[in-house]
file upload.txt (compact mmCIF, C-alpha atoms)
# COMPACT_ATOMS: atom_id res chain seq x y z
CA MET A 1 10.29 4.00 17.30
CA PRO A 2 8.73 7.23 15.95
CA TYR A 3 5.09 8.21 15.83
CA ALA A 4 3.44 11.09 13.97
CA ALA A 5 0.31 12.64 15.48
CA LEU A 6 -2.30 13.62 12.87
CA ASN A 7 -5.67 14.92 14.04
CA GLY A 8 -6.46 12.09 16.44
CA LEU A 9 -4.48 9.50 14.49
CA ASN A 10 -1.12 8.34 15.88
CA VAL A 11 0.84 6.92 12.93
CA PHE A 12 3.63 4.48 13.71
CA TYR A 13 6.42 4.50 11.13
CA GLU A 14 9.99 3.39 10.66
CA GLU A 15 12.66 5.30 8.80
CA PHE A 16 15.94 4.36 7.16
CA GLY A 17 18.45 6.17 4.95
CA ARG A 18 19.03 9.70 3.72
CA GLY A 19 18.22 11.60 0.54
CA GLU A 20 15.00 12.17 -1.37
CA THR A 21 12.00 10.68 0.41
CA VAL A 22 10.41 7.41 -0.68
CA LEU A 23 7.09 6.63 1.01
CA PHE A 24 6.29 2.90 1.04
CA LEU A 25 2.58 2.01 1.26
CA HIS A 26 1.69 -1.50 2.36
CA SER A 27 -1.04 -4.02 1.47
CA HIS A 28 -4.35 -4.89 3.12
CA PHE A 29 -3.29 -7.63 5.51
CA SER A 30 0.24 -6.32 6.11
CA ARG A 31 1.93 -3.36 7.76
CA GLY A 32 4.86 -1.14 6.80
CA LEU A 33 8.00 -3.22 7.09
CA LEU A 34 6.33 -6.58 6.52
CA ALA A 35 5.32 -5.56 3.01
CA PHE A 36 8.76 -4.20 2.08
CA SER A 37 11.37 -6.10 4.08
CA GLY A 38 13.29 -6.83 0.88
CA GLN A 39 13.52 -3.15 -0.02
CA ILE A 40 15.04 -1.77 3.20
CA LEU A 41 18.74 -2.17 2.49
CA PRO A 42 18.70 -1.67 -1.32
CA PHE A 43 16.74 1.59 -1.07
CA ALA A 44 18.05 3.06 2.20
CA GLY A 45 21.49 3.40 0.66
CA LYS A 46 20.15 6.03 -1.73
CA TYR A 47 16.91 7.43 -0.26
CA ARG A 48 15.17 8.43 2.92
CA CYS A 49 12.72 5.56 3.26
CA LEU A 50 9.52 5.82 5.32
CA TYR A 51 7.42 2.78 6.22
CA PRO A 52 4.21 3.84 8.00
CA ASP A 53 1.48 1.55 9.29
CA PHE A 54 -1.89 2.63 7.91
CA ARG A 55 -4.87 3.60 10.04
CA GLY A 56 -6.36 0.37 11.39
CA HIS A 57 -3.11 -1.56 10.87
CA GLY A 58 -0.06 -2.55 12.84
CA ARG A 59 0.95 -0.17 15.59
CA THR A 60 -0.91 2.92 14.37
CA THR A 61 -3.67 3.91 16.79
CA CYS A 62 -6.92 5.84 16.44
CA ASP A 63 -10.23 5.95 18.30
CA ASP A 64 -12.17 5.38 15.06
CA LEU A 65 -11.54 1.89 13.65
CA SER A 66 -13.16 2.60 10.26
CA TRP A 67 -10.96 3.12 7.18
CA ASN A 68 -10.83 2.78 3.40
CA SER A 69 -8.25 3.44 0.71
CA ARG A 70 -9.41 7.01 0.05
CA MET A 71 -9.16 7.82 3.75
CA LEU A 72 -5.69 6.29 3.87
CA ALA A 73 -4.56 8.55 1.01
CA ASP A 74 -5.71 11.61 2.97
CA ASP A 75 -3.84 10.28 6.01
CA MET A 76 -0.64 9.77 4.06
CA ALA A 77 -0.79 13.27 2.58
CA LEU A 78 -1.15 14.69 6.10
CA PHE A 79 1.63 12.37 7.28
CA LEU A 80 4.00 14.00 4.77
CA ASP A 81 2.89 17.45 5.90
CA THR A 82 3.46 16.56 9.54
CA LEU A 83 7.03 15.45 8.75
CA LYS A 84 7.49 18.66 6.72
CA ILE A 85 8.09 16.72 3.50
CA ASN A 86 6.95 18.70 0.48
CA GLN A 87 7.20 15.88 -2.03
CA ALA A 88 7.95 12.16 -2.07
CA HIS A 89 8.31 9.22 -4.38
CA ILE A 90 5.47 6.76 -3.70
CA ILE A 91 5.86 2.97 -3.85
CA GLY A 92 2.58 1.17 -3.15
CA TYR A 93 1.86 -2.53 -3.00
CA SER A 94 -1.68 -3.93 -3.49
CA CYS A 95 -3.93 -1.74 -1.28
CA GLY A 96 -0.96 0.63 -1.05
CA ALA A 97 -1.03 0.88 -4.83
CA TYR A 98 -4.62 2.12 -4.65
CA VAL A 99 -3.65 4.61 -1.95
CA GLY A 100 -0.75 5.80 -4.09
CA CYS A 101 -3.04 6.36 -7.08
CA TYR A 102 -5.46 8.39 -4.95
CA MET A 103 -2.55 10.47 -3.66
CA ALA A 104 -1.17 11.09 -7.16
CA ALA A 105 -4.64 12.15 -8.36
CA ASN A 106 -5.70 14.30 -5.42
CA TYR A 107 -2.38 15.53 -4.00
CA PRO A 108 -0.29 15.82 -7.17
CA GLN A 109 2.02 18.44 -5.71
CA LYS A 110 3.14 15.93 -3.05
CA VAL A 111 3.91 13.02 -5.39
CA LYS A 112 7.18 13.20 -7.32
CA SER A 113 6.68 9.76 -8.85
CA LEU A 114 4.41 6.75 -8.43
CA VAL A 115 5.35 3.08 -8.49
CA THR A 116 2.68 0.42 -7.98
CA ILE A 117 3.23 -3.30 -7.44
CA GLY A 118 0.21 -5.58 -7.69
CA GLY A 119 -2.06 -2.63 -8.42
CA ALA A 120 -5.28 -2.49 -10.40
CA ALA A 121 -7.62 -0.09 -12.16
CA TYR A 122 -10.80 -1.88 -11.07
CA PRO A 123 -12.01 -3.75 -7.97
CA ARG A 124 -11.54 -7.53 -7.88
CA PRO A 125 -14.09 -8.60 -5.23
CA GLU A 126 -13.89 -12.33 -5.93
CA GLY A 127 -12.82 -14.27 -2.86
CA ALA A 128 -12.93 -11.30 -0.51
CA ALA A 129 -15.94 -12.57 1.45
CA ASP A 130 -13.94 -15.66 2.45
CA PHE A 131 -12.05 -13.35 4.82
CA LEU A 132 -15.09 -12.12 6.74
CA PRO A 133 -14.80 -13.16 10.40
CA GLU A 134 -17.75 -15.53 10.29
CA ASN A 135 -16.44 -17.30 7.17
CA LEU A 136 -12.93 -17.66 8.55
CA LEU A 137 -14.38 -19.21 11.69
CA LYS A 138 -16.72 -21.47 9.71
CA ASN A 139 -13.84 -22.70 7.55
CA GLY A 140 -11.50 -23.22 10.49
CA ASN A 141 -8.90 -20.64 9.40
CA LEU A 142 -7.83 -20.06 12.99
CA ASP A 143 -4.13 -19.56 12.25
CA PHE A 144 -4.95 -16.66 9.92
CA ILE A 145 -7.19 -15.12 12.58
CA GLU A 146 -4.39 -15.38 15.14
CA ASP A 147 -1.98 -13.72 12.70
CA MET A 148 -4.38 -10.80 12.23
CA LYS A 149 -4.95 -10.51 15.97
CA ASN A 150 -1.23 -10.34 16.68
CA ARG A 151 -0.14 -8.30 13.66
CA HIS A 152 -2.66 -5.49 14.19
CA TYR A 153 -3.43 -5.72 17.91
CA GLU A 154 -2.34 -2.16 18.77
CA ALA A 155 -4.47 -0.77 15.95
CA HIS A 156 -7.71 -2.68 16.51
CA ARG A 157 -7.22 -3.26 20.27
CA GLY A 158 -8.50 -6.80 19.98
CA ASP A 159 -11.45 -6.00 17.70
CA TRP A 160 -10.11 -8.12 14.87
CA GLN A 161 -13.62 -8.61 13.50
CA THR A 162 -14.00 -4.91 12.64
CA TYR A 163 -10.50 -4.89 11.13
CA LEU A 164 -11.40 -7.77 8.80
CA GLN A 165 -14.80 -6.30 7.92
CA ASN A 166 -13.10 -3.05 6.85
CA THR A 167 -10.48 -4.99 4.89
CA VAL A 168 -13.07 -7.04 3.01
CA ALA A 169 -15.15 -3.95 2.20
CA ASP A 170 -12.10 -2.12 0.86
CA TRP A 171 -11.03 -5.18 -1.17
CA GLN A 172 -14.51 -5.41 -2.70
CA GLN A 173 -14.85 -1.70 -3.52
CA GLN A 174 -11.37 -0.40 -4.35
CA PRO A 175 -9.79 1.05 -6.35
CA ASN A 176 -12.61 3.30 -7.51
CA LEU A 177 -11.01 6.36 -9.07
CA THR A 178 -13.19 8.47 -11.32
CA ASP A 179 -12.13 9.14 -14.91
CA ALA A 180 -11.25 12.67 -13.85
CA GLU A 181 -9.00 11.36 -11.09
CA TRP A 182 -7.15 9.02 -13.43
CA LYS A 183 -6.54 11.92 -15.79
CA ARG A 184 -5.02 13.94 -12.95
CA ILE A 185 -2.22 11.40 -12.50
CA THR A 186 0.48 13.17 -14.48
CA CYS A 187 3.61 12.40 -12.44
CA PRO A 188 6.12 9.85 -13.75
CA ALA A 189 4.53 6.46 -13.09
CA PHE A 190 5.69 2.84 -13.24
CA PHE A 191 3.16 0.00 -12.91
CA ILE A 192 4.40 -3.51 -12.09
CA ASN A 193 2.32 -6.69 -12.04
CA GLY A 194 3.18 -10.35 -12.21
CA GLU A 195 1.81 -12.13 -15.26
CA HIS A 196 -0.16 -14.40 -12.92
CA ASP A 197 -1.43 -11.65 -10.61
CA PRO A 198 -5.14 -12.35 -10.00
CA PHE A 199 -5.85 -8.86 -8.73
CA GLY A 200 -4.91 -6.62 -11.65
CA THR A 201 -2.71 -6.00 -14.67
CA CYS A 202 -0.21 -3.31 -15.56
CA GLU A 203 -1.89 -3.01 -18.97
CA GLU A 204 -5.23 -1.93 -17.47
CA LEU A 205 -3.42 0.68 -15.42
CA GLN A 206 -1.58 1.99 -18.48
CA GLU A 207 -4.94 2.39 -20.22
CA LYS A 208 -5.84 4.82 -17.41
CA VAL A 209 -2.42 6.54 -17.35
CA PRO A 210 -1.04 6.25 -20.90
CA SER A 211 2.24 8.01 -20.05
CA ALA A 212 3.17 5.36 -17.49
CA LYS A 213 5.84 2.74 -17.91
CA ILE A 214 4.77 -0.83 -17.24
CA TYR A 215 6.48 -4.12 -16.49
CA LYS A 216 4.83 -7.53 -16.55
CA VAL A 217 6.93 -9.91 -14.46
CA ALA A 218 7.35 -13.23 -16.25
CA GLY A 219 6.25 -16.02 -13.93
CA GLY A 220 5.35 -13.49 -11.25
CA GLY A 221 2.32 -13.36 -9.02
CA HIS A 222 0.85 -10.65 -6.82
CA ARG A 223 4.04 -9.90 -4.84
CA PRO A 224 7.10 -10.14 -7.10
CA HIS A 225 9.09 -7.79 -4.84
CA PHE A 226 9.05 -10.28 -1.93
CA VAL A 227 12.05 -12.28 -0.79
CA GLY A 228 12.02 -15.58 -2.67
CA GLU A 229 10.17 -14.06 -5.62
CA GLN A 230 11.68 -11.80 -8.35
CA ILE A 231 13.07 -9.38 -5.79
CA ASP A 232 16.44 -8.54 -7.37
CA ASP A 233 14.86 -7.78 -10.75
CA ILE A 234 12.11 -5.65 -9.22
CA ASN A 235 14.44 -3.69 -6.94
CA ALA A 236 16.81 -2.95 -9.81
CA ARG A 237 14.02 -1.79 -12.11
CA ILE A 238 12.42 0.47 -9.49
CA LEU A 239 15.76 2.01 -8.51
CA ASP A 240 16.53 2.65 -12.18
CA PHE A 241 13.11 4.29 -12.62
CA LEU A 242 13.58 6.51 -9.56
CA SER A 243 17.00 7.61 -10.74
CA SER A 244 15.44 8.73 -14.04
CA VAL A 245 12.91 11.03 -12.35
CA HIS A 246 13.97 14.68 -12.26
call {"tool": "encode", "arguments": {"input": "upload.txt", "output": "structure tokens"}}
result
Amino acid sequence: MPYAALNGLNVFYEEFGRGETVLFLHSHFSRGLLAFSGQILPFAGKYRCLYPDFRGHGRTTCDDLSWNSRMLADDMALFLDTLKINQAHIIGYSCGAYVGCYMAANYPQKVKSLVTIGGAAYPRPEGAADFLPENLLKNGNLDFIEDMKNRHYEAHRGDWQTYLQNTVADWQQQPNLTDAEWKRITCPAFFINGEHDPFGTCEELQEKVPSAKIYKVAGGGHRPHFVGEQIDDINARILDFLSSVH
């Protein structure tokens, strides 16, 4: 499996397909392919699809275990440079949606289009503290701890406590784009949220980026693109959007 070396950061990624590049950006507790398993085959038939693991996640390694969404956006811009990709379509889910917005605002020349799923314009800190290590232990959520240990072991090298502390801090503080940054998002954009998503709405995002298309998924939650959710509808709508971008 390929790695990309970026200034002390060794980014693990997987790649499928040929054509224009689509960069898939995963959520807080996930890693590349886990967040987008239902998009591999539908998208790889038309695009070059890249699924990196963020700093602090999955099989990406770095001496410094600290990270936040802004830092991840800088990493992903450098990741594209390292692979000699001038421009890519961005599809971001949850935390990846925040990263995608930062990229579109601060690296506009690299972002051909932006799709967010489960994104937000404001932080939603409620419930985040439940995932601090001490609270997970107190509440007996040992299975979740084991999942995080195993899923991100290469990245945090067994220091799952620091991984979760970073995740909770990012959840509580992000996204936090300035008004100027929101105004710099001028690429074609498509914001998708389930109508029951507790972490954000497509309407609030469209208030920040009025030119964007939005889609509220009837009956949908935070992850309508997952297998078993509204996957066929979401895949078809995103592919249609991408095909309209010139």
call {"tool": "atom_distance", "arguments": {"input": "upload.txt", "atom1": "atom CA of A:Phe199", "atom2": "atom CA of A:Pro175"}}
result
10.9 Å
call {"tool": "closest_residue", "arguments": {"input": "upload.txt", "among": "A:Ala236, A:Gly158, A:Thr116, A:Val227", "to": "A:Ala212", "atoms": "all atoms listed in the file"}}
result
A:Thr116
call {"tool": "closest_residue", "arguments": {"input": "upload.txt", "among": "A:Gly118, A:Pro108, A:Asp170, A:Lys138", "to": "A:Arg70", "atoms": "all atoms listed in the file"}}
result
A:Asp170
call {"tool": "atom_distance", "arguments": {"input": "upload.txt", "atom1": "atom CA of A:Leu34", "atom2": "atom CA of A:Val99"}}
result
17.2 Å
call {"tool": "closest_residue", "arguments": {"input": "upload.txt", "among": "A:Cys62, A:Ala120, A:Leu164, A:Leu23", "to": "A:His89", "atoms": "all atoms listed in the file"}}
result
A:Leu23
call {"tool": "residues_around", "arguments": {"input": "upload.txt", "residues": "A:Val115", "least_positions_apart": "3", "cutoff": "7 Å", "atoms": "all atoms listed in the file", "output": "PyMOL selection string"}}
result
chain A and resi 90-92+189-191
call {"tool": "write_last_selection", "arguments": {"input": "upload.txt", "atoms": "C-alpha atoms", "output": "mmCIF file, keeping the file's coordinate frame"}}
result
data_model
loop_
_atom_site.group_PDB
_atom_site.id
_atom_site.type_symbol
_atom_site.label_atom_id
_atom_site.label_comp_id
_atom_site.auth_asym_id
_atom_site.auth_seq_id
_atom_site.Cartn_x
_atom_site.Cartn_y
_atom_site.Cartn_z
ATOM 1 C CA ILE A 90 5.470 6.760 -3.700
ATOM 2 C CA ILE A 91 5.860 2.970 -3.850
ATOM 3 C CA GLY A 92 2.580 1.170 -3.150
ATOM 4 C CA ALA A 189 4.530 6.460 -13.090
ATOM 5 C CA PHE A 190 5.690 2.840 -13.240
ATOM 6 C CA PHE A 191 3.160 0.000 -12.910
#
call {"tool": "atom_distance", "arguments": {"input": "upload.txt", "atom1": "atom CA of A:Asn193", "atom2": "atom CA of A:Gln173"}}
result
19.8 Å
call {"tool": "closest_residue", "arguments": {"input": "upload.txt", "among": "A:Gln174, A:Thr186, A:Thr60, A:Thr21", "to": "A:Glu154", "atoms": "only C-alpha atoms"}}
result
A:Thr60
call {"tool": "closest_residue", "arguments": {"input": "upload.txt", "among": "A:Arg59, A:Gly194, A:Val11, A:Pro42", "to": "A:Asp240", "atoms": "only C-alpha atoms"}}
result
A:Pro42
call {"tool": "closest_residue", "arguments": {"input": "upload.txt", "among": "A:Tyr215, A:Tyr153, A:Tyr93, A:Tyr47", "to": "A:His26", "atoms": "all atoms listed in the file"}}
result
A:Tyr93
call {"tool": "residues_around", "arguments": {"input": "upload.txt", "residues": "A:Pro210", "least_positions_apart": "2", "cutoff": "12 Å", "atoms": "all atoms listed in the file", "output": "PyMOL selection string"}}
result
chain A and resi 182-191+202-208+212-214
call {"tool": "residues_around", "arguments": {"input": "upload.txt", "residues": "A:Gly96", "least_positions_apart": "6", "cutoff": "10 Å", "atoms": "all atoms listed in the file", "output": "list of chain:residue names"}}
result
A:Phe24, A:Leu25, A:His26, A:Ser27, A:His28, A:Gly32, A:Ala35, A:Phe54, A:Ser69, A:Leu72, A:Ala73, A:Ile90, A:Tyr102, A:Thr116, A:Ile117, A:Gly118, A:Gly119
call {"tool": "residues_around", "arguments": {"input": "upload.txt", "residues": "A:Gly219", "least_positions_apart": "5", "cutoff": "9 Å", "atoms": "only C-alpha atoms", "output": "ChimeraX atom specification"}}
result
/A:194-196,230
call {"tool": "residues_around", "arguments": {"input": "upload.txt", "residues": "A:Arg48", "least_positions_apart": "5", "cutoff": "7 Å", "atoms": "only C-alpha atoms", "output": "VMD selection string"}}
result
chain A and resid 16 to 22
call {"tool": "write_last_selection", "arguments": {"input": "upload.txt", "atoms": "C-alpha atoms", "output": "mmCIF file, keeping the file's coordinate frame"}}
result
data_model
loop_
_atom_site.group_PDB
_atom_site.id
_atom_site.type_symbol
_atom_site.label_atom_id
_atom_site.label_comp_id
_atom_site.auth_asym_id
_atom_site.auth_seq_id
_atom_site.Cartn_x
_atom_site.Cartn_y
_atom_site.Cartn_z
ATOM 1 C CA PHE A 16 15.940 4.360 7.160
ATOM 2 C CA GLY A 17 18.450 6.170 4.950
ATOM 3 C CA ARG A 18 19.030 9.700 3.720
ATOM 4 C CA GLY A 19 18.220 11.600 0.540
ATOM 5 C CA GLU A 20 15.000 12.170 -1.370
ATOM 6 C CA THR A 21 12.000 10.680 0.410
ATOM 7 C CA VAL A 22 10.410 7.410 -0.680
#
call {"tool": "decode", "arguments": {"input": "upload.txt", "residues": "stretch 81-92 of chain A", "atoms": "all heavy atoms", "output": "mmCIF file, in the first residue's frame"}}
result
data_model
loop_
_atom_site.group_PDB
_atom_site.id
_atom_site.type_symbol
_atom_site.label_atom_id
_atom_site.label_comp_id
_atom_site.auth_asym_id
_atom_site.auth_seq_id
_atom_site.Cartn_x
_atom_site.Cartn_y
_atom_site.Cartn_z
ATOM 1 N N ASP A 81 0.166 18.175 -3.485
ATOM 2 C CA ASP A 81 1.414 18.625 -4.097
ATOM 3 C C ASP A 81 2.405 17.472 -4.239
ATOM 4 O O ASP A 81 3.072 17.338 -5.272
ATOM 5 C CB ASP A 81 2.051 19.729 -3.252
ATOM 6 C CG ASP A 81 1.325 21.051 -3.361
ATOM 7 O OD1 ASP A 81 0.513 21.219 -4.297
ATOM 8 O OD2 ASP A 81 1.566 21.925 -2.501
ATOM 9 N N THR A 82 2.511 16.674 -3.200
ATOM 10 C CA THR A 82 3.469 15.560 -3.215
ATOM 11 C C THR A 82 3.141 14.566 -4.319
ATOM 12 O O THR A 82 4.041 13.990 -4.945
ATOM 13 C CB THR A 82 3.472 14.857 -1.842
ATOM 14 O OG1 THR A 82 3.832 15.818 -0.840
ATOM 15 C CG2 THR A 82 4.460 13.704 -1.810
ATOM 16 N N LEU A 83 1.849 14.348 -4.577
ATOM 17 C CA LEU A 83 1.434 13.440 -5.655
ATOM 18 C C LEU A 83 1.367 14.145 -7.007
ATOM 19 O O LEU A 83 0.929 13.553 -7.987
ATOM 20 C CB LEU A 83 0.079 12.828 -5.323
ATOM 21 C CG LEU A 83 0.021 11.909 -4.096
ATOM 22 C CD1 LEU A 83 -1.343 11.254 -3.986
ATOM 23 C CD2 LEU A 83 1.106 10.849 -4.127
ATOM 24 N N LYS A 84 1.805 15.424 -7.036
ATOM 25 C CA LYS A 84 1.820 16.224 -8.266
ATOM 26 C C LYS A 84 0.422 16.356 -8.880
ATOM 27 O O LYS A 84 0.233 16.262 -10.092
ATOM 28 C CB LYS A 84 2.818 15.647 -9.281
ATOM 29 C CG LYS A 84 4.239 15.566 -8.741
ATOM 30 C CD LYS A 84 5.225 15.157 -9.813
ATOM 31 C CE LYS A 84 6.624 14.949 -9.244
ATOM 32 N NZ LYS A 84 7.112 16.032 -8.380
ATOM 33 N N ILE A 85 -0.552 16.575 -8.007
ATOM 34 C CA ILE A 85 -1.938 16.795 -8.425
ATOM 35 C C ILE A 85 -2.234 18.285 -8.257
ATOM 36 O O ILE A 85 -2.212 18.813 -7.145
ATOM 37 C CB ILE A 85 -2.909 15.954 -7.581
ATOM 38 C CG1 ILE A 85 -2.634 14.462 -7.795
ATOM 39 C CG2 ILE A 85 -4.359 16.294 -7.922
ATOM 40 C CD1 ILE A 85 -3.349 13.557 -6.818
ATOM 41 N N ASN A 86 -2.494 18.955 -9.357
ATOM 42 C CA ASN A 86 -2.724 20.396 -9.302
ATOM 43 C C ASN A 86 -4.069 20.762 -8.698
ATOM 44 O O ASN A 86 -4.201 21.784 -8.016
ATOM 45 C CB ASN A 86 -2.621 20.995 -10.706
ATOM 46 C CG ASN A 86 -1.213 20.924 -11.267
ATOM 47 O OD1 ASN A 86 -0.236 21.014 -10.523
ATOM 48 N ND2 ASN A 86 -1.100 20.745 -12.572
ATOM 49 N N GLN A 87 -5.072 19.914 -8.958
ATOM 50 C CA GLN A 87 -6.430 20.253 -8.545
ATOM 51 C C GLN A 87 -7.231 18.971 -8.359
ATOM 52 O O GLN A 87 -7.043 17.999 -9.093
ATOM 53 C CB GLN A 87 -7.095 21.138 -9.608
ATOM 54 C CG GLN A 87 -8.341 21.854 -9.160
ATOM 55 C CD GLN A 87 -8.844 22.811 -10.225
ATOM 56 O OE1 GLN A 87 -9.019 22.431 -11.377
ATOM 57 N NE2 GLN A 87 -9.103 24.057 -9.845
ATOM 58 N N ALA A 88 -8.135 18.982 -7.389
ATOM 59 C CA ALA A 88 -8.944 17.796 -7.107
ATOM 60 C C ALA A 88 -10.349 18.198 -6.689
ATOM 61 O O ALA A 88 -10.575 19.283 -6.150
ATOM 62 C CB ALA A 88 -8.306 16.957 -6.001
ATOM 63 N N HIS A 89 -11.287 17.313 -6.947
ATOM 64 C CA HIS A 89 -12.596 17.398 -6.324
ATOM 65 C C HIS A 89 -12.446 16.900 -4.888
ATOM 66 O O HIS A 89 -11.751 15.918 -4.633
ATOM 67 C CB HIS A 89 -13.606 16.515 -7.059
ATOM 68 C CG HIS A 89 -13.804 16.860 -8.505
ATOM 69 N ND1 HIS A 89 -14.580 17.930 -8.907
ATOM 70 C CD2 HIS A 89 -13.334 16.269 -9.631
ATOM 71 C CE1 HIS A 89 -14.586 17.978 -10.235
ATOM 72 N NE2 HIS A 89 -13.833 16.988 -10.698
ATOM 73 N N ILE A 90 -13.101 17.568 -3.948
ATOM 74 C CA ILE A 90 -13.027 17.191 -2.537
ATOM 75 C C ILE A 90 -14.388 16.664 -2.093
ATOM 76 O O ILE A 90 -15.412 17.321 -2.324
ATOM 77 C CB ILE A 90 -12.644 18.389 -1.649
ATOM 78 C CG1 ILE A 90 -11.319 19.018 -2.117
ATOM 79 C CG2 ILE A 90 -12.580 17.970 -0.184
ATOM 80 C CD1 ILE A 90 -10.127 18.135 -1.985
ATOM 81 N N ILE A 91 -14.394 15.493 -1.451
ATOM 82 C CA ILE A 91 -15.600 14.973 -0.808
ATOM 83 C C ILE A 91 -15.242 14.717 0.644
ATOM 84 O O ILE A 91 -14.419 13.851 0.950
ATOM 85 C CB ILE A 91 -16.114 13.691 -1.476
ATOM 86 C CG1 ILE A 91 -16.465 13.955 -2.949
ATOM 87 C CG2 ILE A 91 -17.337 13.153 -0.722
ATOM 88 C CD1 ILE A 91 -16.939 12.725 -3.700
ATOM 89 N N GLY A 92 -15.836 15.482 1.559
ATOM 90 C CA GLY A 92 -15.512 15.375 2.975
ATOM 91 C C GLY A 92 -16.712 15.000 3.805
ATOM 92 O O GLY A 92 -17.811 15.536 3.600
#
